[in-house]
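Visitor: Structure in structure tokens, see below.
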Amino acid sequence: MRRRGEEVKEKFLELYAVSFNVSEVCKKVGICRDTFYSWLKKDEEFARKVKEVEESVIDAVENSLIKKAIEGDVKAQIYFLKTKARSRGWGAEDEVSLQIPNVLKIEIVKSSEGAGENS
């Protein structure tokens with residue numbers, strides 16, 4: 001017979017795949033967020049399954065974006081190109097950031113917009 005905790009974990013994973021919202025799913029299965037995060041730390045198998053669900057949701061959203069782009073949605077096309085075709089010059093800017101806590105923060109942003117105007 002399966003332990004109650006294992007049943008709750010399975011139900012959590014099932015609901016998480018649909019809503020992708022930790023707080024909402026915790027409420028539905030009757031646990032607090034601390035319990036969820038404790039399971040993540042202590043149960044490698046559960047943590048692996050959570051990661052699988054997250055990757056699956058990301059894949060589904062990515063596929064939806066690609067479908068919209070292919071169907072002609074210009075915003076989806078631009079977003080896709082700016083994130084996936086940076087090597088082809090579609091990135092709007094290059095950003096480098098270095099931060100040493102409580103000491104120093106350096107941020108360099110090179111915008112490709114307007115490049116060549118003062119060159």
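Chain labels run A, B, ... following the order of the structure tokens; each chain numbers its residues from 1, and ligands are numbered from 1 in the order shown.
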Excluding range 66-80 of chain A and any residue of its chain fewer than 5 positions from it, enumerate the residues within 10 Å of it, using only C-alpha atoms, and give them as a PyMOL selection string.

Guide: chain A and resi 60-61+85-86+90-91

Visitor: Can you pull out every residue within 8 Å of Val53 in chain A, counting only C-alpha atoms, but drop anything in the same chain fewer than 5 positions away, and send it as a PyMOL selection string?

Guide: chain A and resi 13+16-17

Visitor: Quick one: residues within 10 Å of range 34-46 of chain A, only C-alpha atoms counted, chain neighbours fewer than 6 positions away excluded, as JSON, numbers by chain?

Guide: {"A": [5, 6, 9, 10, 12, 13, 22, 23, 25, 26, 52]}

Visitor: Could you save those same residues with N, CA and C atoms as a compact mmCIF listing (two decimals), in the first residue's frame?

Guide:
```txt
# COMPACT_ATOMS: atom_id res chain seq x y z
N GLY A 5 1.85 10.33 1.70
CA GLY A 5 2.76 11.34 1.15
C GLY A 5 3.07 11.11 -0.32
N GLU A 6 3.24 9.85 -0.69
CA GLU A 6 3.53 9.52 -2.09
C GLU A 6 2.33 9.80 -2.98
N LYS A 9 2.21 13.52 -3.48
CA LYS A 9 3.24 13.93 -4.44
C LYS A 9 2.79 13.66 -5.88
N GLU A 10 2.20 12.50 -6.11
CA GLU A 10 1.72 12.16 -7.45
C GLU A 10 0.61 13.11 -7.90
N PHE A 12 0.19 16.13 -6.77
CA PHE A 12 0.85 17.43 -6.98
C PHE A 12 1.40 17.51 -8.40
N LEU A 13 2.14 16.49 -8.81
CA LEU A 13 2.75 16.48 -10.14
C LEU A 13 1.70 16.55 -11.25
N VAL A 22 2.97 26.70 -8.20
CA VAL A 22 3.26 25.96 -6.97
C VAL A 22 2.26 26.28 -5.87
N SER A 23 1.99 27.56 -5.62
CA SER A 23 1.06 27.94 -4.54
C SER A 23 -0.33 27.36 -4.76
N VAL A 25 -1.25 24.74 -6.54
CA VAL A 25 -1.27 23.28 -6.42
C VAL A 25 -1.10 22.85 -4.97
N CYS A 26 -0.26 23.55 -4.22
CA CYS A 26 -0.10 23.22 -2.80
C CYS A 26 -1.44 23.32 -2.08
N GLU A 52 11.00 17.43 -14.83
CA GLU A 52 10.41 16.89 -16.07
C GLU A 52 9.12 17.62 -16.42
```

Visitor: Could you work out how far CA of Leu81 in chain A lies from CA of Val18 in chain A, giving the answer in Å with one decimal?

Guide: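 That distance, rounded to one decimal, is 27.7 Å.
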
Visitor: DSSP on the backbone, then: every residue of chain A marked alpha helix (DSSP H), written as a ChimeraX atom specification.

Guide: /A:4-19,22-29,33-42,44-70,74-84

Visitor: Using CA of Asp59 in chain A and CA of Glu24 in chain A as the two end points, give the distance in Å to one decimal.

Guide: 21.4 Å

Visitor: Could you check how far CA of Val57 in chain A sits from CA of Glu7 in chain A, in Å to one decimal?

Guide: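 Pair CA of Val57 in chain A / CA of Glu7 in chain A returns 21.9 Å.
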
Visitor: Run DSSP on the backbone and grab whatever in chain A lands in strand (DSSP E); send it over as an MDAnalysis selection string.

Guide: chainID A and resid 93:100 104:111

Visitor: Deliver the residues from the most recent selection as a file, using C-alpha atoms, as a short mmCIF file (atom, residue, chain, number, x, y, z; two decimals), in the first residue's frame.

Guide:
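Full text of part01.cif as output:
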```cif
data_model
loop_
_atom_site.label_atom_id
_atom_site.label_comp_id
_atom_site.auth_asym_id
_atom_site.auth_seq_id
_atom_site.Cartn_x
_atom_site.Cartn_y
_atom_site.Cartn_z
CA GLU A 93 21.45 44.46 -27.31
CA ASP A 94 24.39 42.76 -25.69
CA GLU A 95 24.53 43.01 -21.93
CA VAL A 96 27.37 42.20 -19.56
CA SER A 97 26.92 42.49 -15.82
CA LEU A 98 29.39 42.01 -12.98
CA GLN A 99 28.31 42.39 -9.39
CA ILE A 100 30.31 42.02 -6.20
CA LEU A 104 30.81 47.05 -6.83
CA LYS A 105 28.32 46.75 -9.63
CA ILE A 106 29.31 47.22 -13.28
CA GLU A 107 26.80 47.00 -16.08
CA ILE A 108 27.70 47.44 -19.75
CA VAL A 109 24.96 47.53 -22.34
CA LYS A 110 25.76 47.79 -26.02
CA SER A 111 22.69 48.58 -28.05
#
```
